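Novice: Just passing along the structure, written as structure tokens.
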Amino acid sequence: MSQQQPSFTREAPDDRRQSLIEATARCLARRGAAGVSVRSICTEAGVSPGLLRHYFTGVSEAIAEAYRWTGSCVAEALERAVDEAPPQPRARLLAYLTASFRAPIASTDLLSSWLGFWGMTRTDPMIAEVHSEIYRDFRTGIERLIADYRPDLPDTRLAAVALTALIDGLWLELSLGDAPFTPEEAEALAEMWLEKLLG
């Protein structure tokens with residue numbers, strides 16, 4: 001019995017590049033860093049194996065771009081939550097903090113990709129740089145919202161660092177599944193921490 005070959009698709013160059021980025025994130029989520037290769041990415045994207053090197057210098061760059069794209073998707077979800085919140089500064093800050101406890105951010109697929117990215121930050125400078133950008137932007141978002149809520153606060157940096165650590169921990173537990181708390185309880189914890197930190 002002959003094995004059916006995958007059918008390759010023709011798309012605009014930007015669309016092909018984006019499909020490779022998204023395929024890289026899916027491969028990382030399903031297979032982990034060790035299972036991501038030129039062949040696995042291109043098969044996932046439904047394109048010829050030679051196409052990846054047309055858009056990226058190699059797998060490492062494709063993974064870095066997948067991390068950047070995933071980070072931008074998270075940032076868009078956070079901004080959407082803030083935009084949909086009541087206009088009071090405290091409500092907007094809480095919306096930014098608690099958006100991580102619900103879809104699309106609280107997701108096993110996103111967690112799987114994110115863990116792969118995190119694991120590679122120690123060994124790949126390109127991915128480490130993207131990691132720094134993403135976390136800098138997240139903390140900057142928190143700092144900006146803290147400053148709106150508490151303009152009298154002399155230093156927002158450490159409060160943002162503490163809240164980032166709390167959010168990451170709660171998000172990790174929720175995304176793993178079977179967390180010993182609900183998203184609503186995570187939101188209540190974030191609100192309690194916010195009051196303790198900012199008074």
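Each chain in the structure tokens gets a letter, A, B and so on, in the order shown; residues start at 1 in every chain, and ligands are counted from 1 in the order they appear.
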Considering only helix (DSSP H, G or I) as DSSP defines it on the backbone, what residues of range 21-143 of chain A qualify? List them as a VMD selection string.

Specialist: chain A and resid 21 to 31 33 to 35 38 to 45 49 to 55 59 to 84 89 to 101 108 to 120 125 to 143

Novice: With range 170-192 of chain A as the partner and 12 Å as the cut-off, tabulate the residues of range 66-141 of chain A that qualify, each row holding the nearest pair of atoms and their distance in Å to one decimal, using only C-alpha atoms, sorted by chain and rising number, as CSV.

Specialist:
```
residue,atom,partner,partner_atom,distance
A:Arg90,CA,A:Glu191,CA,9.7
A:Ala91,CA,A:Glu191,CA,10.0
A:Arg92,CA,A:Glu191,CA,12.0
A:Leu93,CA,A:Glu191,CA,9.7
A:Leu94,CA,A:Glu191,CA,6.9
A:Ala95,CA,A:Glu187,CA,9.2
A:Tyr96,CA,A:Ala190,CA,10.6
A:Leu97,CA,A:Ala190,CA,7.1
A:Thr98,CA,A:Glu187,CA,5.5
A:Ala99,CA,A:Glu187,CA,8.9
A:Ser100,CA,A:Trp171,CA,6.1
A:Phe101,CA,A:Pro183,CA,5.5
A:Arg102,CA,A:Pro183,CA,6.9
A:Ala103,CA,A:Ser175,CA,9.6
A:Pro104,CA,A:Ser175,CA,10.5
A:Ile105,CA,A:Trp171,CA,8.3
A:Ala106,CA,A:Ser175,CA,5.1
A:Ser107,CA,A:Ser175,CA,5.2
A:Thr108,CA,A:Ser175,CA,5.1
A:Asp109,CA,A:Ser175,CA,8.5
A:Leu110,CA,A:Ser175,CA,8.2
A:Leu111,CA,A:Ser175,CA,6.2
A:Ser112,CA,A:Leu176,CA,9.0
A:Ser113,CA,A:Ser175,CA,11.6
A:Trp114,CA,A:Leu172,CA,10.0
A:Leu115,CA,A:Leu172,CA,9.7
```

Novice: Using only C-alpha atoms, which protein or nucleic acid residues come within 12 Å of Val161 in chain A? Drop anything in the same chain fewer than 3 positions from it, and give the result as a list in words.

Specialist: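 Here the qualifying residues turn out to be Tyr135, Arg136, Asp137, Phe138, Arg139, Thr140, Gly141, Ile142, Glu143, Ile146, Asp155, Thr156, Arg157, Leu158, Thr164, Ala165, Leu166, Ile167, Asp168, Leu194 and Leu197 of chain A.
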
Novice: Could those residues be written to a file, using N, CA and C atoms, as a PDB file, in the first residue's frame?

Specialist:
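Everything below was put into again_36.pdb:
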```pdb
ATOM      1  N   TYR A 135       8.678  39.423  28.545  1.00  0.00           N
ATOM      2  CA  TYR A 135       8.470  39.673  29.979  1.00  0.00           C
ATOM      3  C   TYR A 135       8.666  41.142  30.335  1.00  0.00           C
ATOM      4  N   ARG A 136       9.563  41.825  29.623  1.00  0.00           N
ATOM      5  CA  ARG A 136       9.715  43.269  29.832  1.00  0.00           C
ATOM      6  C   ARG A 136       8.412  43.989  29.474  1.00  0.00           C
ATOM      7  N   ASP A 137       7.821  43.615  28.343  1.00  0.00           N
ATOM      8  CA  ASP A 137       6.575  44.252  27.910  1.00  0.00           C
ATOM      9  C   ASP A 137       5.431  43.955  28.877  1.00  0.00           C
ATOM     10  N   PHE A 138       5.365  42.726  29.402  1.00  0.00           N
ATOM     11  CA  PHE A 138       4.312  42.369  30.358  1.00  0.00           C
ATOM     12  C   PHE A 138       4.455  43.210  31.629  1.00  0.00           C
ATOM     13  N   ARG A 139       5.667  43.269  32.165  1.00  0.00           N
ATOM     14  CA  ARG A 139       5.890  44.058  33.384  1.00  0.00           C
ATOM     15  C   ARG A 139       5.663  45.548  33.142  1.00  0.00           C
ATOM     16  N   THR A 140       6.049  46.034  31.965  1.00  0.00           N
ATOM     17  CA  THR A 140       5.806  47.438  31.632  1.00  0.00           C
ATOM     18  C   THR A 140       4.311  47.735  31.620  1.00  0.00           C
ATOM     19  N   GLY A 141       3.528  46.786  31.097  1.00  0.00           N
ATOM     20  CA  GLY A 141       2.071  46.940  31.100  1.00  0.00           C
ATOM     21  C   GLY A 141       1.525  47.040  32.513  1.00  0.00           C
ATOM     22  N   ILE A 142       2.027  46.187  33.406  1.00  0.00           N
ATOM     23  CA  ILE A 142       1.596  46.235  34.805  1.00  0.00           C
ATOM     24  C   ILE A 142       2.035  47.559  35.437  1.00  0.00           C
ATOM     25  N   GLU A 143       3.286  47.947  35.201  1.00  0.00           N
ATOM     26  CA  GLU A 143       3.783  49.199  35.796  1.00  0.00           C
ATOM     27  C   GLU A 143       2.963  50.406  35.344  1.00  0.00           C
ATOM     28  N   ILE A 146      -0.312  50.254  37.183  1.00  0.00           N
ATOM     29  CA  ILE A 146      -0.111  50.591  38.604  1.00  0.00           C
ATOM     30  C   ILE A 146       0.039  52.108  38.755  1.00  0.00           C
ATOM     31  N   ASP A 155       7.850  53.894  43.322  1.00  0.00           N
ATOM     32  CA  ASP A 155       8.511  52.858  42.526  1.00  0.00           C
ATOM     33  C   ASP A 155       7.515  51.750  42.212  1.00  0.00           C
ATOM     34  N   THR A 156       7.197  51.595  40.944  1.00  0.00           N
ATOM     35  CA  THR A 156       6.242  50.558  40.529  1.00  0.00           C
ATOM     36  C   THR A 156       6.935  49.256  40.146  1.00  0.00           C
ATOM     37  N   ARG A 157       8.272  49.293  39.997  1.00  0.00           N
ATOM     38  CA  ARG A 157       9.005  48.145  39.457  1.00  0.00           C
ATOM     39  C   ARG A 157       8.853  46.883  40.303  1.00  0.00           C
ATOM     40  N   LEU A 158       9.135  46.959  41.598  1.00  0.00           N
ATOM     41  CA  LEU A 158       9.082  45.753  42.423  1.00  0.00           C
ATOM     42  C   LEU A 158       7.657  45.228  42.579  1.00  0.00           C
ATOM     43  N   THR A 164       3.839  39.876  38.680  1.00  0.00           N
ATOM     44  CA  THR A 164       4.174  38.980  37.562  1.00  0.00           C
ATOM     45  C   THR A 164       4.423  37.561  38.073  1.00  0.00           C
ATOM     46  N   ALA A 165       5.164  37.442  39.167  1.00  0.00           N
ATOM     47  CA  ALA A 165       5.454  36.121  39.740  1.00  0.00           C
ATOM     48  C   ALA A 165       4.165  35.428  40.194  1.00  0.00           C
ATOM     49  N   LEU A 166       3.287  36.177  40.838  1.00  0.00           N
ATOM     50  CA  LEU A 166       2.014  35.611  41.279  1.00  0.00           C
ATOM     51  C   LEU A 166       1.186  35.138  40.089  1.00  0.00           C
ATOM     52  N   ILE A 167       1.061  35.988  39.082  1.00  0.00           N
ATOM     53  CA  ILE A 167       0.250  35.651  37.911  1.00  0.00           C
ATOM     54  C   ILE A 167       0.816  34.418  37.209  1.00  0.00           C
ATOM     55  N   ASP A 168       2.139  34.374  37.028  1.00  0.00           N
ATOM     56  CA  ASP A 168       2.765  33.219  36.375  1.00  0.00           C
ATOM     57  C   ASP A 168       2.460  31.921  37.123  1.00  0.00           C
ATOM     58  N   LEU A 194      -2.848  42.473  45.278  1.00  0.00           N
ATOM     59  CA  LEU A 194      -2.795  43.848  44.805  1.00  0.00           C
ATOM     60  C   LEU A 194      -3.008  44.813  45.971  1.00  0.00           C
ATOM     61  N   LEU A 197       0.052  44.759  48.341  1.00  0.00           N
ATOM     62  CA  LEU A 197       1.231  45.419  47.774  1.00  0.00           C
ATOM     63  C   LEU A 197       1.055  46.921  47.676  1.00  0.00           C
TER      64      LEU A 197
END
```

Novice: Which residues are close to range 36-43 of chain A, i.e. within 7 Å by only C-alpha atoms, leaving aside same-chain residues fewer than 4 positions away? Reply as a PyMOL selection string.

Specialist: chain A and resi 20+23-24+27-28+31-32+47-49+52+59

Novice: Just how far from CA of Tyr55 in chain A is CA of Val74 in chain A, in Å to one decimal?

Specialist: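 These two atoms are separated by 23.8 Å.
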
Novice: Ranking A:Leu145, A:Ile134, A:Ala64, A:Ala85 by minimum distance to Leu163 in chain A and counting only C-alpha atoms, which one comes first?

Specialist: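 With only C-alpha atoms as the atom set, the closest residue is A:Leu145.
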
Novice: Name the closest residue to Ala66 in chain A among the candidates A:Val130, A:Ala45, A:Gln88, A:Asp83; distances are taken between atoms, counting only C-alpha atoms.

Specialist: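 Closest candidate: A:Val130.
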